[in-house]
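Have a look at query.cif; it's mmCIF, C-alpha atoms and all ligand atoms:
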data_model
#
loop_
_atom_site.group_PDB
_atom_site.id
_atom_site.type_symbol
_atom_site.label_atom_id
_atom_site.label_comp_id
_atom_site.auth_asym_id
_atom_site.auth_seq_id
_atom_site.Cartn_x
_atom_site.Cartn_y
_atom_site.Cartn_z
ATOM 1 C CA MET X 571 29.813 165.454 -14.014
ATOM 2 C CA THR X 572 33.524 165.307 -14.744
ATOM 3 C CA MET X 573 36.234 162.980 -15.934
ATOM 4 C CA SER X 574 36.398 161.588 -12.365
ATOM 5 C CA ALA X 575 32.822 160.359 -12.727
ATOM 6 C CA VAL X 576 33.688 158.653 -16.010
ATOM 7 C CA TYR X 577 36.752 157.078 -14.389
ATOM 8 C CA GLY X 578 34.577 155.785 -11.536
ATOM 9 C CA TYR X 579 32.131 154.205 -13.944
ATOM 10 C CA MET X 580 34.970 152.597 -15.900
ATOM 11 C CA VAL X 581 36.506 151.127 -12.736
ATOM 12 C CA GLU X 582 33.151 149.594 -11.854
ATOM 13 C CA GLY X 583 32.803 148.171 -15.360
ATOM 14 C CA MET X 584 29.788 150.334 -16.157
ATOM 15 C CA GLY X 585 29.091 152.337 -19.278
ATOM 16 C CA TYR X 586 27.190 155.389 -20.435
ATOM 17 C CA THR X 587 23.746 153.811 -19.991
ATOM 18 C CA SER X 588 24.402 153.303 -16.279
ATOM 19 C CA LEU X 589 25.479 156.928 -15.944
ATOM 20 C CA LEU X 590 22.315 158.060 -17.706
ATOM 21 C CA ARG X 591 20.190 156.002 -15.307
ATOM 22 C CA MET X 592 21.987 157.403 -12.282
ATOM 23 C CA CYS X 593 21.539 161.003 -13.511
ATOM 24 C CA ALA X 594 17.845 160.333 -14.137
ATOM 25 C CA ALA X 595 17.444 158.895 -10.627
ATOM 26 C CA LEU X 596 19.094 161.991 -9.132
ATOM 27 C CA ASN X 597 17.195 164.275 -11.495
ATOM 28 C CA ILE X 598 20.381 166.007 -12.683
ATOM 29 C CA ASN X 599 21.691 166.880 -16.140
ATOM 30 C CA CYS X 600 23.945 164.268 -17.700
ATOM 31 C CA MET X 601 26.854 164.696 -20.134
ATOM 32 C CA ASN X 602 26.128 163.484 -23.655
ATOM 33 C CA SER X 603 27.537 160.204 -24.936
ATOM 34 C CA ASN X 604 30.226 161.879 -27.070
ATOM 35 C CA THR X 605 31.616 163.667 -24.020
ATOM 36 C CA PHE X 606 31.548 160.379 -22.094
ATOM 37 C CA ILE X 607 33.561 158.656 -24.845
ATOM 38 C CA LYS X 608 35.994 161.575 -25.056
ATOM 39 C CA TYR X 609 36.663 161.415 -21.298
ATOM 40 C CA LYS X 610 36.897 157.633 -21.467
ATOM 41 C CA ASN X 611 39.601 157.822 -24.132
ATOM 42 C CA GLU X 612 41.501 160.403 -22.087
ATOM 43 C CA VAL X 613 41.374 158.177 -18.992
ATOM 44 C CA VAL X 614 42.678 155.212 -21.013
ATOM 45 C CA SER X 615 45.456 157.279 -22.544
ATOM 46 C CA VAL X 616 46.681 158.752 -19.238
ATOM 47 C CA THR X 617 46.449 155.399 -17.448
ATOM 48 C CA CYS X 618 48.480 153.617 -20.158
ATOM 49 C CA GLU X 619 51.095 156.345 -20.145
ATOM 50 C CA LYS X 620 51.503 156.197 -16.356
ATOM 51 C CA THR X 621 51.618 152.405 -16.314
ATOM 52 C CA ARG X 622 54.301 152.274 -19.007
ATOM 53 C CA ALA X 623 56.346 154.918 -17.173
ATOM 54 C CA HIS X 624 56.093 152.841 -14.001
ATOM 55 C CA LEU X 625 57.277 149.687 -15.790
ATOM 56 C CA ARG X 626 60.162 151.562 -17.391
ATOM 57 C CA GLU X 627 61.301 153.513 -14.369
ATOM 58 C CA GLU X 628 60.502 151.151 -11.468
ATOM 59 C CA SER X 629 59.966 147.525 -12.511
ATOM 60 C CA VAL X 630 62.696 147.085 -15.136
ATOM 61 C CA PRO X 631 65.518 148.561 -12.999
ATOM 62 C CA ALA X 632 64.313 146.429 -10.052
ATOM 63 C CA ILE X 633 64.457 143.287 -12.207
ATOM 64 C CA VAL X 634 67.956 144.085 -13.475
ATOM 65 C CA LYS X 635 69.101 144.736 -9.900
ATOM 66 C CA TYR X 636 67.633 141.420 -8.718
ATOM 67 C CA TYR X 637 69.336 139.433 -11.495
ATOM 68 C CA GLY X 638 72.664 141.068 -10.715
ATOM 69 C CA GLU X 639 72.522 140.665 -6.947
ATOM 70 C CA GLU X 640 70.678 137.364 -6.546
ATOM 71 C CA LEU X 641 71.493 135.406 -9.717
ATOM 72 C CA ASP X 642 74.815 136.957 -10.725
ATOM 73 C CA ARG X 643 73.373 137.468 -14.189
ATOM 74 C CA HIS X 644 74.331 140.730 -15.843
ATOM 75 C CA PRO X 645 73.639 142.582 -19.112
ATOM 76 C CA ASP X 646 75.935 141.552 -21.990
ATOM 77 C CA ASP X 647 78.260 143.881 -23.912
ATOM 78 C CA GLU X 648 75.301 145.310 -25.779
ATOM 79 C CA GLY X 649 73.463 145.967 -22.534
ATOM 80 C CA ILE X 650 71.017 143.121 -23.072
ATOM 81 C CA LEU X 651 69.981 140.991 -20.138
ATOM 82 C CA ASP X 652 68.204 137.686 -20.756
ATOM 83 C CA ILE X 653 65.531 137.078 -18.172
ATOM 84 C CA ASP X 654 63.205 134.164 -17.336
ATOM 85 C CA VAL X 655 59.579 135.014 -17.918
ATOM 86 C CA THR X 656 56.064 133.678 -17.997
ATOM 87 C CA PHE X 657 53.485 134.845 -20.499
ATOM 88 C CA ASP X 658 49.723 134.690 -20.455
ATOM 89 C CA GLY X 659 46.775 136.297 -22.165
ATOM 90 C CA SER X 660 43.234 136.987 -21.088
ATOM 91 C CA TRP X 661 39.989 138.253 -22.559
ATOM 92 C CA HIS X 662 37.313 140.643 -21.382
ATOM 93 C CA THR X 663 34.584 138.014 -21.724
ATOM 94 C CA ARG X 664 34.514 134.225 -21.984
ATOM 95 C CA GLY X 665 33.547 132.130 -24.971
ATOM 96 C CA HIS X 666 36.133 133.047 -27.629
ATOM 97 C CA THR X 667 34.048 135.997 -28.833
ATOM 98 C CA SER X 668 35.486 138.787 -26.723
ATOM 99 C CA THR X 669 36.335 141.981 -28.551
ATOM 100 C CA LEU X 670 39.038 142.839 -26.001
ATOM 101 C CA GLY X 671 42.170 140.874 -25.205
ATOM 102 C CA CYS X 672 45.292 141.544 -23.163
ATOM 103 C CA ALA X 673 48.544 139.774 -22.353
ATOM 104 C CA ALA X 674 51.496 140.344 -20.073
ATOM 105 C CA VAL X 675 55.084 139.189 -19.803
ATOM 106 C CA ILE X 676 56.009 138.637 -16.158
ATOM 107 C CA ASP X 677 59.469 138.085 -14.751
ATOM 108 C CA ALA X 678 59.552 134.596 -13.220
ATOM 109 C CA HIS X 679 61.809 135.536 -10.290
ATOM 110 C CA THR X 680 60.439 138.857 -9.071
ATOM 111 C CA GLY X 681 56.830 138.527 -10.261
ATOM 112 C CA LEU X 682 57.068 142.008 -11.760
ATOM 113 C CA VAL X 683 55.349 142.795 -15.050
ATOM 114 C CA VAL X 684 57.927 143.496 -17.758
ATOM 115 C CA ASP X 685 55.569 144.516 -20.550
ATOM 116 C CA TYR X 686 51.940 144.210 -21.549
ATOM 117 C CA ASP X 687 49.576 145.202 -24.313
ATOM 118 C CA THR X 688 45.936 145.072 -25.316
ATOM 119 C CA LEU X 689 44.062 144.408 -28.543
ATOM 120 C CA SER X 690 40.582 145.537 -29.449
ATOM 121 C CA LYS X 691 38.319 144.404 -32.259
ATOM 122 C CA LYS X 692 35.954 147.261 -31.643
ATOM 123 C CA CYS X 693 35.989 151.049 -31.390
ATOM 124 C CA THR X 694 32.851 152.670 -29.987
ATOM 125 C CA MET X 695 33.358 155.870 -31.925
ATOM 126 C CA CYS X 696 33.946 154.031 -35.225
ATOM 127 C CA THR X 697 30.834 151.909 -34.666
ATOM 128 C CA ARG X 698 28.755 155.002 -33.995
ATOM 129 C CA MET X 699 30.061 156.953 -36.976
ATOM 130 C CA ASN X 700 29.679 153.953 -39.310
ATOM 131 C CA THR X 701 26.051 153.671 -38.191
ATOM 132 C CA ASN X 702 25.532 157.392 -38.741
ATOM 133 C CA LEU X 703 26.971 157.062 -42.235
ATOM 134 C CA LYS X 704 24.770 154.070 -43.064
ATOM 135 C CA LYS X 705 21.681 155.894 -41.809
ATOM 136 C CA LYS X 706 22.803 158.948 -43.806
ATOM 137 C CA LYS X 707 22.916 161.111 -40.702
ATOM 138 C CA ILE X 708 26.302 162.285 -41.968
ATOM 139 C CA GLN X 709 27.775 162.598 -45.459
ATOM 140 C CA GLN X 710 30.750 160.583 -46.747
ATOM 141 C CA GLU X 711 32.904 163.740 -46.750
ATOM 142 C CA GLN X 712 32.112 164.459 -43.108
ATOM 143 C CA TYR X 713 32.883 160.846 -42.275
ATOM 144 C CA GLU X 714 36.271 160.953 -44.045
ATOM 145 C CA GLU X 715 37.163 164.200 -42.324
ATOM 146 C CA TRP X 716 36.234 162.752 -38.939
ATOM 147 C CA LYS X 717 38.132 159.518 -39.627
ATOM 148 C CA GLN X 718 41.385 161.364 -40.320
ATOM 149 C CA LYS X 719 41.162 163.211 -36.994
ATOM 150 C CA HIS X 720 40.136 160.063 -35.174
ATOM 151 C CA LEU X 721 42.980 157.792 -36.326
ATOM 152 C CA ASP X 722 45.237 158.647 -33.377
ATOM 153 C CA GLN X 723 42.540 157.758 -30.857
ATOM 154 C CA CYS X 724 40.990 154.770 -32.603
ATOM 155 C CA MET X 725 40.671 151.761 -30.287
ATOM 156 C CA LEU X 726 40.398 149.257 -33.133
ATOM 157 C CA ASN X 727 43.794 147.583 -33.531
ATOM 158 C CA PHE X 728 42.983 143.954 -34.344
ATOM 159 C CA GLU X 729 40.826 142.278 -36.969
ATOM 160 C CA GLY X 730 41.441 138.539 -36.492
ATOM 161 C CA SER X 731 39.600 136.023 -34.329
ATOM 162 C CA SER X 732 39.466 136.496 -30.562
ATOM 163 C CA GLY X 733 41.470 133.301 -30.092
ATOM 164 C CA ALA X 734 44.292 134.678 -32.239
ATOM 165 C CA MET X 735 44.765 137.694 -29.976
ATOM 166 C CA GLU X 736 47.106 135.917 -27.568
ATOM 167 C CA GLU X 737 49.374 134.799 -30.405
ATOM 168 C CA ARG X 738 49.521 138.309 -31.879
ATOM 169 C CA LEU X 739 50.282 139.812 -28.479
ATOM 170 C CA ALA X 740 53.095 137.298 -27.894
ATOM 171 C CA VAL X 741 54.690 138.247 -31.210
ATOM 172 C CA GLN X 742 54.276 141.972 -30.441
ATOM 173 C CA LEU X 743 55.728 141.780 -26.947
ATOM 174 C CA TRP X 744 58.667 139.588 -27.939
ATOM 175 C CA GLY X 745 59.306 141.700 -30.996
ATOM 176 C CA ARG X 746 59.968 144.781 -28.944
ATOM 177 C CA SER X 747 61.586 143.140 -25.910
ATOM 178 C CA THR X 748 65.069 144.520 -26.551
ATOM 179 C CA ASP X 749 63.647 148.026 -26.852
ATOM 180 C CA ILE X 750 62.803 148.130 -23.157
ATOM 181 C CA LYS X 751 65.306 150.554 -21.718
ATOM 182 C CA VAL X 752 66.575 150.736 -18.200
ATOM 183 C CA VAL X 753 66.206 154.437 -17.561
ATOM 184 C CA SER X 754 66.754 154.941 -13.871
ATOM 185 C CA SER X 755 69.191 152.292 -12.750
ATOM 186 C CA GLY X 756 72.377 153.967 -11.577
ATOM 187 C CA TRP X 757 74.577 150.952 -12.175
ATOM 188 C CA CYS X 758 73.114 149.913 -15.511
ATOM 189 C CA GLU X 759 72.022 153.108 -17.110
ATOM 190 C CA GLY X 760 71.240 152.787 -20.785
ATOM 191 C CA GLY X 761 71.124 148.986 -20.586
ATOM 192 C CA ARG X 762 68.445 146.979 -22.301
ATOM 193 C CA LEU X 763 66.331 144.166 -21.098
ATOM 194 C CA ALA X 764 65.814 141.271 -23.445
ATOM 195 C CA LEU X 765 63.611 138.221 -23.449
ATOM 196 C CA GLY X 766 65.810 136.550 -26.025
ATOM 197 C CA THR X 767 66.253 133.251 -24.208
ATOM 198 C CA GLU X 768 62.493 132.832 -24.164
ATOM 199 C CA ARG X 769 61.967 132.877 -27.924
ATOM 200 C CA GLY X 770 61.409 129.126 -27.910
ATOM 201 C CA ARG X 771 58.675 129.457 -25.351
ATOM 202 C CA GLN X 772 57.102 132.306 -27.278
ATOM 203 C CA GLU X 773 56.794 130.083 -30.349
ATOM 204 C CA THR X 774 55.145 127.423 -28.185
ATOM 205 C CA CYS X 775 52.652 129.987 -26.867
ATOM 206 C CA ALA X 776 52.010 131.256 -30.341
ATOM 207 C CA ARG X 777 50.789 127.862 -31.448
HETATM 208 ZN ZN ZN O 801 37.866 154.147 -34.032
#
Turn the structure described in the file into structure tokens.
Ligand SMILES: [Zn+2]
Amino acid sequence: MTMSAVYGYMVEGMGYTSLLRMCAALNINCMNSNTFIKYKNEVVSVTCEKTRAHLREESVPAIVKYYGEELDRHPDDEGILDIDVTFDGSWHTRGHTSTLGCAAVIDAHTGLVVDYDTLSKKCTMCTRMNTNLKKKKIQQEQYEEWKQKHLDQCMLNFEGSSGAMEERLAVQLWGRSTDIKVVSSGWCEGGRLALGTERGRQETCAR
């Protein structure tokens, strides 16, 4: 069992219990749940990194090129290009109780994703370690030591209501819009892409 197996289970929306059942059916040894979580976090990290690189190096230059060639709209003196976008958020489950939410900013002309982000109200590792601490399976000192090491990988990044996730994501994405750099466009190298003209719409979404 390797990281590929974990990736496969994630793609199919299945978790560790499903993997355990499959291993039992095949009568083979299964990785433990900590290893599963470790691989899962690595898959998430690599996937996010690759997706962001793709947006930066492929989508953003393509959008800037389209605006220049088709709309005669070019970056200003500071290298900022205002673009027309749509924004929408979604949740992992229905019913306003989902612990996972995501949102994306999409260019209205090309349909390309400009930026996206996710919020999570839950971290599997934190839940497990908190339970272990409550049941006194580990000591407070061990917990604190683990927590320090875990901070970089912690999936918990939101503590409000599920319904408030979309608003938070809108603020986050708009807040960093001018930081999106065009890194591989020969004719606009070093330029920046901004969503500045859409601030009004962002406020509407945020309500
Ligand atoms: Zn955590």
Selection near His679 in chain X, 9 Å with all atoms listed in the file, sequence-local residues under 5 positions removed, as a PyMOL selection string = chain X and resi 633+636-637+653-655
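Here, the PyMOL selection byres (((chain X and resi 731) around 10) and not hetatm) matches His666, Thr667, Ser668, Thr669, Lys691, Phe728, Glu729, Gly730, Ser732, Gly733, Ala734 and Met735 of chain X.
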Name the residues captured by the PyMOL selection byres (((chain X and resi 672) around 8) and not hetatm) when it is applied to the shown file; answer as number ranges by chain.
-> X: 659-661, 670-671, 673-674, 686-689, 735-736, 739
Go ahead and write the selection's residues with C-alpha atoms as a PDB file, in the frame of the given file.
ATOM      1  CA  GLY X 659      46.775 136.297 -22.165  1.00  0.00           C
ATOM      2  CA  SER X 660      43.234 136.987 -21.088  1.00  0.00           C
ATOM      3  CA  TRP X 661      39.989 138.253 -22.559  1.00  0.00           C
ATOM      4  CA  LEU X 670      39.038 142.839 -26.001  1.00  0.00           C
ATOM      5  CA  GLY X 671      42.170 140.874 -25.205  1.00  0.00           C
ATOM      6  CA  ALA X 673      48.544 139.774 -22.353  1.00  0.00           C
ATOM      7  CA  ALA X 674      51.496 140.344 -20.073  1.00  0.00           C
ATOM      8  CA  TYR X 686      51.940 144.210 -21.549  1.00  0.00           C
ATOM      9  CA  ASP X 687      49.576 145.202 -24.313  1.00  0.00           C
ATOM     10  CA  THR X 688      45.936 145.072 -25.316  1.00  0.00           C
ATOM     11  CA  LEU X 689      44.062 144.408 -28.543  1.00  0.00           C
ATOM     12  CA  MET X 735      44.765 137.694 -29.976  1.00  0.00           C
ATOM     13  CA  GLU X 736      47.106 135.917 -27.568  1.00  0.00           C
ATOM     14  CA  LEU X 739      50.282 139.812 -28.479  1.00  0.00           C
TER      15      LEU X 739
END
Between CA of Tyr579 in chain X and CA of Asp722 in chain X, measure the distance and give it in Å to one decimal.
-> 23.9 Å
Shell of 6 Å around ligand ZN 801 (chain O) (all atoms listed in the file), written as a ChimeraX atom specification = /X:693,695-696,724-726
Contact residues around Met573 in chain X with all atoms listed in the file at 10 Å, ignoring same-chain residues under 2 positions, as a list in words = Met571, Ala575, Val576, Tyr577, Gly578, Tyr579, Thr605, Phe606, Lys608, Tyr609, Lys610, Glu612 and Val613 of chain X
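CA of Leu625 in chain X sits 6.5 Å away from CA of Val684 in chain X.
Checking X:Thr572, X:Ser603, X:Ser629, X:Ser615 one by one against Thr694 in chain X, counting only C-alpha atoms, you find the shortest gap at X:Ser603.
Pairwise distance (CA of Gln718 in chain X, CA of Met584 in chain X) equals 29.0 Å.
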Need the axis-aligned box for range 640-648 of chain X with 4 Å each side, so what are the centre and edges in Å to one decimal, as JSON?
{"center_x": 74.5, "center_y": 140.4, "center_z": -16.2, "size_x": 15.6, "size_y": 17.9, "size_z": 27.2}
